[in-house]
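Coordinates as given in entry_19.cif (mmCIF, C-alpha atoms (C1' of nucleotides)):
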```cif
data_start
#
loop_
_atom_site.label_atom_id
_atom_site.label_comp_id
_atom_site.auth_asym_id
_atom_site.auth_seq_id
_atom_site.Cartn_x
_atom_site.Cartn_y
_atom_site.Cartn_z
CA MET A 1 -34.09 8.29 -14.42
CA HIS A 2 -33.19 7.06 -10.97
CA GLN A 3 -34.54 3.54 -10.65
CA ASN A 4 -31.43 2.22 -8.99
CA PHE A 5 -31.48 4.96 -6.44
CA LYS A 6 -35.10 4.29 -5.61
CA SER A 7 -34.64 0.59 -5.07
CA TYR A 8 -31.47 1.33 -3.13
CA LEU A 9 -33.37 3.55 -0.72
CA LEU A 10 -36.22 1.08 -0.36
CA ARG A 11 -34.24 -2.11 -0.13
CA LYS A 12 -31.11 -1.05 1.69
CA GLY A 13 -31.69 2.47 2.93
CA GLY A 14 -34.55 1.48 5.18
CA LEU A 15 -37.16 3.74 3.63
CA THR A 16 -40.82 2.84 3.30
CA PRO A 17 -42.52 3.67 -0.01
CA ALA A 18 -44.40 6.46 1.74
CA GLU A 19 -41.17 7.97 3.05
CA TYR A 20 -39.63 7.70 -0.36
CA GLU A 21 -42.45 9.74 -1.88
CA GLN A 22 -41.67 12.51 0.58
CA ILE A 23 -38.13 12.97 -0.62
CA THR A 24 -38.39 12.39 -4.37
CA SER A 25 -38.55 16.10 -5.02
CA TYR A 26 -35.08 16.48 -3.56
CA ILE A 27 -33.51 14.02 -5.95
CA ARG A 28 -31.43 15.55 -8.71
CA ALA A 29 -29.87 13.43 -11.40
CA LYS A 30 -27.05 14.45 -13.70
CA LYS A 31 -25.52 12.86 -16.75
CA ILE A 32 -21.80 13.15 -17.14
CA LYS A 33 -19.44 12.22 -19.91
CA LYS A 34 -16.52 9.88 -19.50
CA GLY A 35 -13.52 11.82 -18.32
CA SER A 36 -15.41 14.73 -16.80
CA TYR A 37 -14.88 15.76 -13.21
CA LEU A 38 -17.24 15.89 -10.26
CA LEU A 39 -14.60 17.04 -7.79
CA ARG A 40 -11.13 18.51 -8.05
CA GLU A 41 -8.37 19.00 -5.52
CA GLY A 42 -8.78 22.20 -3.55
CA GLU A 43 -12.54 22.32 -3.90
CA ILE A 44 -14.84 21.74 -0.97
CA CYS A 45 -16.87 18.63 -1.64
CA THR A 46 -20.48 19.62 -0.97
CA LEU A 47 -22.12 16.70 -2.72
CA THR A 48 -22.27 12.98 -2.28
CA PHE A 49 -22.71 11.04 -5.51
CA PHE A 50 -24.85 7.98 -5.98
CA VAL A 51 -23.97 6.13 -9.15
CA GLU A 52 -27.22 5.46 -10.96
CA ALA A 53 -25.38 4.17 -14.01
CA GLY A 54 -21.76 4.08 -15.07
CA LEU A 55 -18.51 4.08 -13.18
CA LEU A 56 -16.62 6.70 -11.19
CA ARG A 57 -13.29 6.84 -9.45
CA LEU A 58 -11.94 8.70 -6.45
CA TYR A 59 -8.23 9.41 -6.53
CA ARG A 60 -5.44 11.64 -5.29
CA LEU A 61 -2.23 12.97 -6.78
CA ASP A 62 1.06 12.59 -4.92
CA GLU A 63 3.83 15.20 -4.92
CA ALA A 64 5.25 13.62 -8.07
CA GLY A 65 1.90 14.13 -9.78
CA LYS A 66 1.05 10.45 -9.94
CA GLU A 67 -2.49 9.22 -9.45
CA HIS A 68 -3.46 6.87 -6.66
CA ILE A 69 -6.96 5.50 -6.79
CA LEU A 70 -8.70 5.28 -3.44
CA GLN A 71 -12.02 3.92 -4.62
CA PHE A 72 -14.05 2.80 -7.59
CA ALA A 73 -17.80 3.33 -7.60
CA SER A 74 -20.08 1.48 -9.98
CA GLU A 75 -23.87 1.22 -10.02
CA SER A 76 -25.52 1.70 -6.62
CA TRP A 77 -22.37 2.86 -4.91
CA LEU A 78 -21.96 6.12 -3.06
CA VAL A 79 -18.84 8.16 -3.45
CA SER A 80 -17.61 11.44 -2.03
CA ASP A 81 -14.80 12.85 0.01
CA ARG A 82 -16.51 12.39 3.34
CA GLY A 83 -13.93 14.40 5.21
CA SER A 84 -14.34 17.36 2.92
CA VAL A 85 -18.13 17.17 3.08
CA TYR A 86 -18.24 16.85 6.83
CA PHE A 87 -15.57 19.37 7.77
CA LYS A 88 -16.27 21.68 4.83
CA ALA A 89 -12.57 21.53 4.16
CA PRO A 90 -10.76 21.68 0.81
CA SER A 91 -10.46 18.22 -0.66
CA LYS A 92 -7.24 16.49 -1.66
CA CYS A 93 -9.17 14.29 -4.04
CA TYR A 94 -10.48 14.12 -7.56
CA ILE A 95 -13.63 12.34 -8.64
CA ASP A 96 -14.15 11.68 -12.33
CA ALA A 97 -16.09 9.41 -14.63
CA ILE A 98 -14.47 6.33 -16.11
CA GLU A 99 -17.56 5.74 -18.26
CA ASP A 100 -20.42 7.95 -19.35
CA SER A 101 -22.47 7.97 -16.19
CA THR A 102 -25.66 9.09 -14.51
CA VAL A 103 -25.24 10.24 -10.94
CA ILE A 104 -27.67 11.35 -8.27
CA LEU A 105 -26.51 14.50 -6.53
CA LEU A 106 -27.04 14.41 -2.79
CA ASP A 107 -26.51 17.66 -0.96
CA GLU A 108 -26.82 18.67 2.66
CA GLU A 109 -30.45 19.58 2.20
CA PHE A 110 -31.20 16.10 0.90
CA PHE A 111 -29.65 14.46 3.92
CA THR A 112 -31.41 16.82 6.30
CA GLN A 113 -34.66 15.99 4.61
CA ILE A 114 -34.26 12.24 4.45
CA ASN A 115 -33.11 12.07 8.05
CA ALA A 116 -36.15 14.07 9.09
CA VAL A 117 -38.44 11.79 7.14
CA SER A 118 -36.93 8.39 7.83
CA LYS A 119 -35.63 6.93 11.03
CA GLY A 120 -34.42 3.88 9.15
CA PHE A 121 -32.13 5.87 6.93
CA ARG A 122 -30.28 7.38 9.83
CA LYS A 123 -29.51 3.89 11.03
CA TYR A 124 -28.48 2.77 7.60
CA ASN A 125 -26.15 5.69 7.20
CA GLU A 126 -24.44 4.90 10.47
CA ARG A 127 -24.06 1.33 9.31
CA LEU A 128 -22.55 2.52 6.06
CA LEU A 129 -20.00 4.59 7.90
CA GLN A 130 -18.95 1.67 10.07
CA ASN A 131 -18.71 -0.53 7.05
CA HIS A 132 -16.56 2.02 5.30
CA ILE A 133 -14.08 1.96 8.16
CA ARG A 134 -13.99 -1.81 8.11
CA HIS A 135 -13.16 -1.76 4.41
CA LEU A 136 -10.42 0.80 4.85
CA ASN A 137 -8.85 -1.25 7.61
CA ASP A 138 -8.95 -4.33 5.45
CA ARG A 139 -7.24 -2.47 2.68
CA ILE A 140 -4.54 -1.11 4.95
CA ASN A 141 -3.94 -4.58 6.24
CA ARG A 142 -3.59 -5.87 2.72
CA LEU A 143 -1.16 -3.13 1.77
CA LEU A 144 0.89 -3.95 4.85
CA SER A 145 1.00 -7.68 4.40
CA ALA A 146 0.29 -8.81 0.86
CA SER A 147 2.39 -8.97 -2.29
CA ALA A 148 1.31 -7.47 -5.60
CA LYS A 149 -0.05 -10.82 -6.75
CA GLU A 150 -2.01 -11.38 -3.56
CA ARG A 151 -3.47 -7.90 -3.70
CA TYR A 152 -4.51 -8.45 -7.30
CA LEU A 153 -6.23 -11.72 -6.44
CA ALA A 154 -8.02 -10.02 -3.56
CA PHE A 155 -9.12 -7.27 -5.92
CA ILE A 156 -10.58 -9.81 -8.34
CA LYS A 157 -12.59 -11.35 -5.55
CA LEU A 158 -13.82 -8.07 -4.14
CA TYR A 159 -14.57 -6.20 -7.36
CA PRO A 160 -15.01 -8.71 -10.19
CA ASP A 161 -17.46 -6.39 -11.95
CA VAL A 162 -15.15 -3.39 -11.79
CA LEU A 163 -12.20 -5.42 -13.00
CA LEU A 164 -13.76 -5.93 -16.40
CA ARG A 165 -14.69 -2.31 -16.89
CA VAL A 166 -11.57 -0.36 -16.00
CA PRO A 167 -8.26 -0.18 -17.82
CA GLN A 168 -5.53 -2.21 -16.21
CA TRP A 169 -3.41 0.76 -15.38
CA MET A 170 -6.18 1.95 -13.07
CA VAL A 171 -6.31 -1.38 -11.32
CA ALA A 172 -2.55 -1.08 -10.91
CA SER A 173 -3.00 2.37 -9.44
CA TYR A 174 -5.53 1.03 -6.96
CA LEU A 175 -3.20 -1.80 -5.98
CA GLY A 176 -0.23 0.50 -5.55
CA ILE A 177 1.89 -1.01 -8.30
CA LYS A 178 2.97 -0.04 -11.84
CA PRO A 179 1.01 -1.11 -14.91
CA GLU A 180 4.01 -3.10 -16.11
CA SER A 181 4.09 -5.01 -12.86
CA LEU A 182 0.42 -5.83 -13.06
CA SER A 183 0.94 -7.07 -16.58
CA ARG A 184 3.65 -9.41 -15.34
CA VAL A 185 1.54 -10.55 -12.40
CA ARG A 186 -1.23 -11.45 -14.81
CA LYS A 187 1.12 -13.24 -17.13
CA ASP A 188 2.43 -15.20 -14.20
CA LEU A 189 -1.05 -16.15 -13.04
CA ALA A 190 -2.04 -17.14 -16.57
CA SER A 191 0.86 -19.55 -16.84
CA SER A 192 0.33 -21.21 -13.45
CA HIS A 193 -3.47 -21.31 -13.52
CA GLN A 194 -4.44 -22.87 -16.80
CA LYS A 195 -7.31 -20.34 -17.10
CA PRO A 196 -5.94 -16.94 -18.11
CA THR A 197 -9.39 -15.28 -17.84
CA MET B 198 -8.50 7.51 38.65
CA HIS B 199 -9.87 8.95 35.41
CA GLN B 200 -8.81 12.57 35.24
CA ASN B 201 -7.87 12.39 31.58
CA PHE B 202 -11.18 10.89 30.67
CA LYS B 203 -13.06 13.58 32.55
CA SER B 204 -11.27 16.45 30.90
CA TYR B 205 -11.58 14.66 27.56
CA LEU B 206 -15.36 14.51 27.91
CA LEU B 207 -15.60 18.10 29.07
CA ARG B 208 -13.15 19.68 26.65
CA LYS B 209 -13.60 17.61 23.54
CA GLY B 210 -16.64 15.41 24.06
CA GLY B 211 -18.99 18.34 24.37
CA LEU B 212 -20.27 17.51 27.83
CA THR B 213 -21.21 20.09 30.42
CA PRO B 214 -20.08 19.47 34.00
CA ALA B 215 -23.68 18.70 34.92
CA GLU B 216 -23.96 16.11 32.16
CA TYR B 217 -20.68 14.63 33.24
CA GLU B 218 -21.98 14.09 36.76
CA GLN B 219 -24.86 12.10 35.34
CA ILE B 220 -22.63 9.52 33.74
CA THR B 221 -19.78 9.16 36.21
CA SER B 222 -21.37 6.08 37.72
CA TYR B 223 -21.04 4.32 34.38
CA ILE B 224 -17.31 4.82 34.19
CA ARG B 225 -15.22 1.76 34.90
CA ALA B 226 -11.46 1.94 35.00
CA LYS B 227 -9.08 -0.98 34.77
CA LYS B 228 -5.36 -1.32 35.24
CA ILE B 229 -3.56 -3.67 32.94
CA LYS B 230 -0.02 -4.91 32.81
CA LYS B 231 2.29 -4.49 29.86
CA GLY B 232 1.75 -7.35 27.45
CA SER B 233 -1.74 -8.29 28.58
CA TYR B 234 -4.61 -8.45 26.14
CA LEU B 235 -7.86 -6.53 25.92
CA LEU B 236 -9.02 -8.22 22.73
CA ARG B 237 -8.05 -11.33 20.82
CA GLU B 238 -8.85 -12.54 17.33
CA GLY B 239 -12.15 -14.36 17.18
CA GLU B 240 -13.69 -12.53 20.13
CA ILE B 241 -16.48 -10.07 19.69
CA CYS B 242 -15.28 -6.67 20.75
CA THR B 243 -17.91 -5.35 23.14
CA LEU B 244 -15.86 -2.59 24.69
CA THR B 245 -14.24 0.59 23.52
CA PHE B 246 -11.11 1.53 25.43
CA PHE B 247 -10.10 5.03 26.46
CA VAL B 248 -6.45 5.22 27.41
CA GLU B 249 -6.30 7.02 30.73
CA ALA B 250 -2.61 6.27 31.06
CA GLY B 251 -0.14 4.14 29.16
CA LEU B 252 -0.03 2.88 25.61
CA LEU B 253 -1.97 0.27 23.66
CA ARG B 254 -1.77 -1.17 20.20
CA LEU B 255 -4.29 -2.61 17.77
CA TYR B 256 -2.93 -5.19 15.37
CA ARG B 257 -3.74 -8.15 13.17
CA LEU B 258 -1.94 -11.33 12.20
CA ASP B 259 -1.57 -12.29 8.56
CA GLU B 260 -1.70 -15.88 7.29
CA ALA B 261 2.01 -16.20 7.89
CA GLY B 262 1.44 -15.26 11.52
CA LYS B 263 3.14 -11.89 11.26
CA GLU B 264 1.84 -8.87 13.15
CA HIS B 265 0.69 -5.73 11.40
CA ILE B 266 -0.08 -2.80 13.63
CA LEU B 267 -3.13 -0.81 12.62
CA GLN B 268 -3.06 1.75 15.38
CA PHE B 269 -1.27 2.96 18.47
CA ALA B 270 -3.25 4.55 21.28
CA SER B 271 -1.60 6.63 23.97
CA GLU B 272 -3.17 8.87 26.60
CA SER B 273 -6.59 10.24 25.70
CA TRP B 274 -7.00 8.08 22.63
CA LEU B 275 -9.86 5.73 22.00
CA VAL B 276 -9.27 2.32 20.58
CA SER B 277 -11.48 -0.60 19.63
CA ASP B 278 -12.41 -2.71 16.67
CA ARG B 279 -15.32 -0.55 15.58
CA GLY B 280 -16.54 -3.06 13.06
CA SER B 281 -16.70 -5.82 15.63
CA VAL B 282 -18.42 -3.60 18.17
CA TYR B 283 -20.95 -2.30 15.73
CA PHE B 284 -21.76 -5.50 13.87
CA LYS B 285 -21.24 -7.76 16.89
CA ALA B 286 -18.99 -9.81 14.66
CA PRO B 287 -15.86 -11.75 15.59
CA SER B 288 -12.83 -9.52 15.43
CA LYS B 289 -9.73 -10.13 13.34
CA CYS B 290 -7.75 -7.94 15.69
CA TYR B 291 -5.76 -8.00 18.88
CA ILE B 292 -5.45 -5.19 21.37
CA ASP B 293 -2.72 -5.34 23.96
CA ALA B 294 -0.75 -3.07 26.24
CA ILE B 295 2.70 -1.86 25.25
CA GLU B 296 3.13 -0.30 28.68
CA ASP B 297 1.43 -0.81 32.01
CA SER B 298 -1.76 1.11 31.41
CA THR B 299 -5.00 2.35 32.87
CA VAL B 300 -7.97 2.14 30.55
CA ILE B 301 -11.56 3.24 30.85
CA LEU B 302 -13.95 0.54 29.71
CA LEU B 303 -16.83 1.88 27.62
CA ASP B 304 -19.62 -0.55 26.92
CA GLU B 305 -22.86 -0.25 25.05
CA GLU B 306 -24.68 0.85 28.17
CA PHE B 307 -22.24 3.70 28.64
CA PHE B 308 -22.80 4.96 25.12
CA THR B 309 -26.57 4.64 25.44
CA GLN B 310 -26.41 6.60 28.64
CA ILE B 311 -24.10 9.36 27.47
CA ASN B 312 -26.04 9.82 24.27
CA ALA B 313 -29.24 10.10 26.27
CA VAL B 314 -27.68 12.66 28.57
CA SER B 315 -25.67 14.74 26.13
CA LYS B 316 -26.56 16.03 22.73
CA GLY B 317 -23.04 17.36 22.30
CA PHE B 318 -21.48 13.97 22.67
CA ARG B 319 -23.50 12.50 19.85
CA LYS B 320 -22.13 15.20 17.58
CA TYR B 321 -18.64 14.68 18.82
CA ASN B 322 -18.84 10.98 18.19
CA GLU B 323 -19.96 11.55 14.62
CA ARG B 324 -17.06 13.91 14.18
CA LEU B 325 -14.70 11.30 15.55
CA LEU B 326 -15.95 8.76 13.05
CA GLN B 327 -15.45 11.10 10.12
CA ASN B 328 -12.01 11.95 11.35
CA HIS B 329 -11.16 8.30 11.63
CA ILE B 330 -12.03 7.77 7.99
CA ARG B 331 -9.93 10.72 6.98
CA HIS B 332 -6.95 9.27 8.81
CA LEU B 333 -7.38 5.87 7.24
CA ASN B 334 -7.54 7.40 3.78
CA ASP B 335 -4.40 9.37 4.45
CA ARG B 336 -2.64 6.24 5.54
CA ILE B 337 -3.76 4.28 2.50
CA ASN B 338 -2.52 7.07 0.32
CA ARG B 339 0.83 7.00 2.03
CA LEU B 340 1.13 3.25 1.64
CA LEU B 341 0.32 3.62 -2.04
CA SER B 342 2.69 6.45 -2.82
CA ALA B 343 5.48 6.79 -0.30
CA SER B 344 8.75 4.94 0.22
CA ALA B 345 9.78 3.44 3.54
CA LYS B 346 11.80 6.55 4.36
CA GLU B 347 8.96 8.90 3.55
CA ARG B 348 6.52 6.86 5.59
CA TYR B 349 8.91 6.91 8.52
CA LEU B 350 9.27 10.68 8.33
CA ALA B 351 5.51 11.04 8.18
CA PHE B 352 5.20 8.83 11.23
CA ILE B 353 7.63 11.00 13.16
CA LYS B 354 5.57 14.06 12.38
CA LEU B 355 2.24 12.44 13.20
CA TYR B 356 3.18 10.49 16.32
CA PRO B 357 6.34 12.01 17.81
CA ASP B 358 5.21 11.00 21.30
CA VAL B 359 4.54 7.39 20.35
CA LEU B 360 7.84 7.11 18.51
CA LEU B 361 9.82 7.46 21.70
CA ARG B 362 7.78 4.96 23.64
CA VAL B 363 7.54 1.94 21.36
CA PRO B 364 10.26 -0.45 20.23
CA GLN B 365 11.44 0.10 16.69
CA TRP B 366 10.17 -3.19 15.43
CA MET B 367 6.64 -2.03 16.22
CA VAL B 368 7.14 1.17 14.29
CA ALA B 369 8.39 -0.98 11.42
CA SER B 370 5.28 -3.12 11.69
CA TYR B 371 3.09 -0.02 11.53
CA LEU B 372 4.98 1.23 8.50
CA GLY B 373 4.77 -2.09 6.71
CA ILE B 374 8.51 -2.75 6.59
CA LYS B 375 10.95 -5.04 8.39
CA PRO B 376 12.86 -3.94 11.50
CA GLU B 377 16.11 -4.32 9.59
CA SER B 378 14.86 -1.96 6.91
CA LEU B 379 13.81 0.63 9.44
CA SER B 380 17.22 0.40 11.02
CA ARG B 381 18.79 1.14 7.64
CA VAL B 382 16.38 3.98 6.96
CA ARG B 383 17.34 5.55 10.25
CA LYS B 384 21.02 5.08 9.59
CA ASP B 385 20.59 6.73 6.25
CA LEU B 386 18.72 9.68 7.72
CA ALA B 387 21.32 10.07 10.43
CA SER B 388 24.12 10.35 7.91
CA SER B 389 22.39 12.87 5.63
CA HIS B 390 20.84 15.00 8.34
CA GLN B 391 23.67 15.84 10.68
CA LYS B 392 21.29 15.30 13.64
CA PRO B 393 20.92 11.56 14.33
CA THR B 394 18.11 12.19 16.89
"C1'" DC C 395 26.53 -12.72 35.44
"C1'" DG C 396 24.18 -14.49 31.67
"C1'" DC C 397 20.11 -14.71 29.21
"C1'" DG C 398 16.70 -12.77 26.08
"C1'" DT C 399 15.00 -9.14 23.51
"C1'" DG C 400 15.81 -5.48 20.45
"C1'" DA C 401 18.91 -3.05 17.26
"C1'" DT C 402 22.49 -3.12 13.84
"C1'" DT C 403 25.15 -4.66 9.89
"C1'" DG C 404 26.52 -7.42 5.76
"C1'" DA C 405 25.73 -10.21 1.67
"C1'" DA C 406 22.69 -12.35 -1.36
"C1'" DA C 407 18.07 -12.87 -3.12
"C1'" DC C 408 13.78 -11.12 -4.52
"C1'" DC C 409 10.16 -8.13 -5.84
"C1'" DC C 410 8.95 -4.33 -8.06
"C1'" DT C 411 10.29 -0.27 -10.80
"C1'" DT C 412 12.37 2.16 -14.52
"C1'" DC C 413 13.37 2.86 -19.13
"C1'" DA C 414 12.89 1.61 -23.66
"C1'" DA C 415 11.23 -0.90 -27.23
"C1'" DG C 416 7.47 -3.25 -29.50
"C1'" DT C 417 2.55 -4.92 -30.01
"C1'" DT C 418 -2.19 -4.67 -29.55
"C1'" DT C 419 -6.45 -2.24 -29.01
"C1'" DA C 420 -9.71 1.48 -29.40
"C1'" DG C 421 -11.31 5.64 -31.18
"C1'" DT C 422 -11.68 9.10 -35.11
"C1'" DG C 423 -12.01 11.08 -39.45
"C1'" DG C 424 -11.86 10.36 -44.22
"C1'" DC D 425 -15.26 0.49 -43.66
"C1'" DC D 426 -10.59 1.37 -43.77
"C1'" DA D 427 -6.59 4.11 -42.35
"C1'" DC D 428 -4.47 6.46 -39.00
"C1'" DT D 429 -3.31 7.79 -34.49
"C1'" DA D 430 -3.17 7.66 -29.64
"C1'" DA D 431 -3.68 5.00 -25.71
"C1'" DA D 432 -3.22 0.72 -23.42
"C1'" DC D 433 -0.86 -3.42 -22.82
"C1'" DT D 434 3.18 -6.44 -23.20
"C1'" DT D 435 8.00 -7.68 -22.94
"C1'" DG D 436 12.99 -7.29 -21.95
"C1'" DA D 437 17.05 -5.74 -19.50
"C1'" DA D 438 18.98 -3.11 -15.92
"C1'" DG D 439 18.55 -0.94 -11.48
"C1'" DG D 440 16.78 0.21 -6.83
"C1'" DG D 441 14.59 -0.68 -2.65
"C1'" DT D 442 13.25 -3.99 0.59
"C1'" DT D 443 13.59 -8.56 2.40
"C1'" DT D 444 15.87 -12.58 4.00
"C1'" DC D 445 19.19 -14.92 6.55
"C1'" DA D 446 22.82 -14.86 9.57
"C1'" DA D 447 25.98 -12.92 12.65
"C1'" DT D 448 27.08 -9.45 15.97
"C1'" DC D 449 26.33 -5.92 19.30
"C1'" DA D 450 23.87 -3.45 23.12
"C1'" DC D 451 21.07 -3.39 26.85
"C1'" DG D 452 17.94 -4.47 30.81
"C1'" DC D 453 16.50 -7.72 34.04
"C1'" DG D 454 16.31 -11.72 36.84
#
```
Could you render the structure from this file as structure tokens?
Amino acid sequence: MHQNFKSYLLRKGGLTPAEYEQITSYIRAKKIKKGSYLLREGEICTLTFFVEAGLLRLYRLDEAGKEHILQFASESWLVSDRGSVYFKAPSKCYIDAIEDSTVILLDEEFFTQINAVSKGFRKYNERLLQNHIRHLNDRINRLLSASAKERYLAFIKLYPDVLLRVPQWMVASYLGIKPESLSRVRKDLASSHQKPT
Amino acid sequence: MHQNFKSYLLRKGGLTPAEYEQITSYIRAKKIKKGSYLLREGEICTLTFFVEAGLLRLYRLDEAGKEHILQFASESWLVSDRGSVYFKAPSKCYIDAIEDSTVILLDEEFFTQINAVSKGFRKYNERLLQNHIRHLNDRINRLLSASAKERYLAFIKLYPDVLLRVPQWMVASYLGIKPESLSRVRKDLASSHQKPT
DNA sequence: CGCGTGATTGAAACCCTTCAAGTTTAGTGG
DNA sequence: CCACTAAACTTGAAGGGTTTCAATCACGCG
């Protein structure tokens, strides 16, 4: 029921098998249907979600009511509105399932517990945070400097797995362009490259 | 020589005066001239800079050699390439001075020391990190959803002090538009609003 | 003074969006 | 398994916003 999460904690999270045993009782899994929500705007995000199976997205609405995807999360990714969790402030985000998914629900108690049990995890978590910032900076840089086509190519390189599993209009939303534009970008790439994918 | 830094540590950093006394010997200040560099692409960023006085910028170059400003830092702001510091990896960024400035140089030893001395600072630093992420997400969202004019208006609200101290072409670089476009945006705002600034 | 940097303005080009079909794909119920 | 419908994707033409290129203006500084 949470094999991915276990190997994630052991292989990347810095936990020893013994430490892992000490926190298993705090692990709660939940199955959710495609389209259902884990977080809505205005709510305080109290949980962090580990994707055991499936695919989630984190997005916001602008004043015009249009979606803008901030992040995709497939197997073995963590997703939450960190700011809302940390500051216990109402979130501006939505999190929902793009596919039927199984998620591990990580609450404050879980983190307290795992930090008490494992020194390694604390380090890993810090590392994760730093990595997150690096990614966000990269993305900002790309939005500042790259064209739609360049951003799409970068997306393919960074998230080849996600690309095949999400509808194109969501990719467009992530890239900050319209679905029609992405369609044209793809057409253009297909005609120059001889491999249309 | 570092009044701002002192009151920053006491008022925001969570240090008591006694704790502050214990770390003063680790504080190094440096004066730098407008235009001089604190970090260049390819270097490993070992220092974090606290702006005691003046104004710095953090930027990158794209493949075409054009600058894209990621962050401004005026008095009492911290700036560094966190990723490079944390992972001891070559930076893709530049940091230079927009005005003659005085910066406090914070190295690994300083952080080790202050964390050993002050429990409050560790908490504050965590808070800072979370806040940083929140800001980056806000910016990404703005780049995804807002027009040049909207981004400019948001910039005015967020950094009214910086606005008056940097040349317009740098603001344009931060916003992800060309100086000419910013000029037109401003002209447009001046004619609709009756107050041209 | 004159030079260089930054800001402005204009015209044309370009990229992306908008709107409006049409086509394909996927999901559902008979 | 097919028929039907809705959603997703494609395509075209027109429009808007931003860029590009080039010229001009304003200003500060040696």
Using only C-alpha atoms (C1' of nucleotides), what table do you get, as CSV, when you list each residue of chain D with an atom no more than 10 Å from chain A, its nearest pair of atoms, and their distance in Å rounded to one decimal, rows by chain then rising number?
```
residue,atom,partner,partner_atom,distance
D:DA432,C1',A:Pro167,CA,7.6
D:DC433,C1',A:Ser183,CA,7.4
D:DT434,C1',A:Ser183,CA,7.0
D:DT435,C1',A:Arg184,CA,8.9
```
Would you mind listing what lies within 10 Å of DA415 of chain C as a VMD selection string, with only C-alpha atoms (C1' of nucleotides) counted and same-chain residues fewer than 2 positions away left out? (chain C and resid 413 417) or (chain D and resid 435 to 436)
Go through chain B and flag each residue having an atom no more than 7 Å from chain A; for those, report the closest pair of atoms plus their distance in Å to one decimal, using only C-alpha atoms, ordered by chain and rising number, as JSON lines.
```
{"residue": "B:Asp259", "atom": "CA", "partner": "A:Ser145", "partner_atom": "CA", "distance": 6.7}
{"residue": "B:His265", "atom": "CA", "partner": "A:Leu144", "partner_atom": "CA", "distance": 6.8}
{"residue": "B:Arg279", "atom": "CA", "partner": "A:Gln130", "partner_atom": "CA", "distance": 7.0}
{"residue": "B:Gly280", "atom": "CA", "partner": "A:Arg134", "partner_atom": "CA", "distance": 5.7}
{"residue": "B:Gln327", "atom": "CA", "partner": "A:Gly83", "partner_atom": "CA", "distance": 6.1}
{"residue": "B:Asn328", "atom": "CA", "partner": "A:Gly83", "partner_atom": "CA", "distance": 6.9}
{"residue": "B:Ile330", "atom": "CA", "partner": "A:Ile133", "partner_atom": "CA", "distance": 6.2}
{"residue": "B:Arg331", "atom": "CA", "partner": "A:Gly83", "partner_atom": "CA", "distance": 5.7}
{"residue": "B:Leu333", "atom": "CA", "partner": "A:Leu136", "partner_atom": "CA", "distance": 6.4}
{"residue": "B:Ile337", "atom": "CA", "partner": "A:Ile140", "partner_atom": "CA", "distance": 6.0}
{"residue": "B:Leu340", "atom": "CA", "partner": "A:Leu143", "partner_atom": "CA", "distance": 6.8}
{"residue": "B:Leu341", "atom": "CA", "partner": "A:Gly176", "partner_atom": "CA", "distance": 4.7}
{"residue": "B:Ser342", "atom": "CA", "partner": "A:Asp62", "partner_atom": "CA", "distance": 6.7}
{"residue": "B:Gly373", "atom": "CA", "partner": "A:Leu144", "partner_atom": "CA", "distance": 4.7}
```
Quick one: pull the distance between atom CA of Gly251 of chain B and atom CA of Phe352 of chain B, Å, one decimal. 19.3 Å
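Here, the PyMOL selection byres ((chain A and resi 10-17) around 7) matches A:Lys6, A:Ser7, A:Tyr8, A:Leu9, A:Ala18, A:Glu19, A:Tyr20, A:Glu21, A:Ser118, A:Gly120, A:Phe121, A:Tyr124.
For the structure shown here, the set of residues caught by the PyMOL selection byres ((chain C and resi 397) around 12) is DC395, DG396, DG398 and DT399 of chain C; DC451, DG452, DC453 and DG454 of chain D.
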Any idea which chain C residues end up within 9 Å of chain A if we count all atoms listed in the file, as a PyMOL selection string please? chain C and resi 409-411
Taking the file as I've supplied it (selection: the PyMOL selection byres ((chain D and resi 429) around 12)), which residues are included? Please answer as JSON, numbers by chain. {"C": [419, 420, 421, 422, 423], "D": [427, 428, 430, 431]}
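Nearest residue to Val185 of chain A among A:Ile32, A:Tyr37, A:Tyr152, A:Val51 is A:Tyr152, counting all atoms listed in the file.
Between atom CA of Ile156 of chain A and atom CA of Asp188 of chain A the interatomic distance comes to 15.3 Å.
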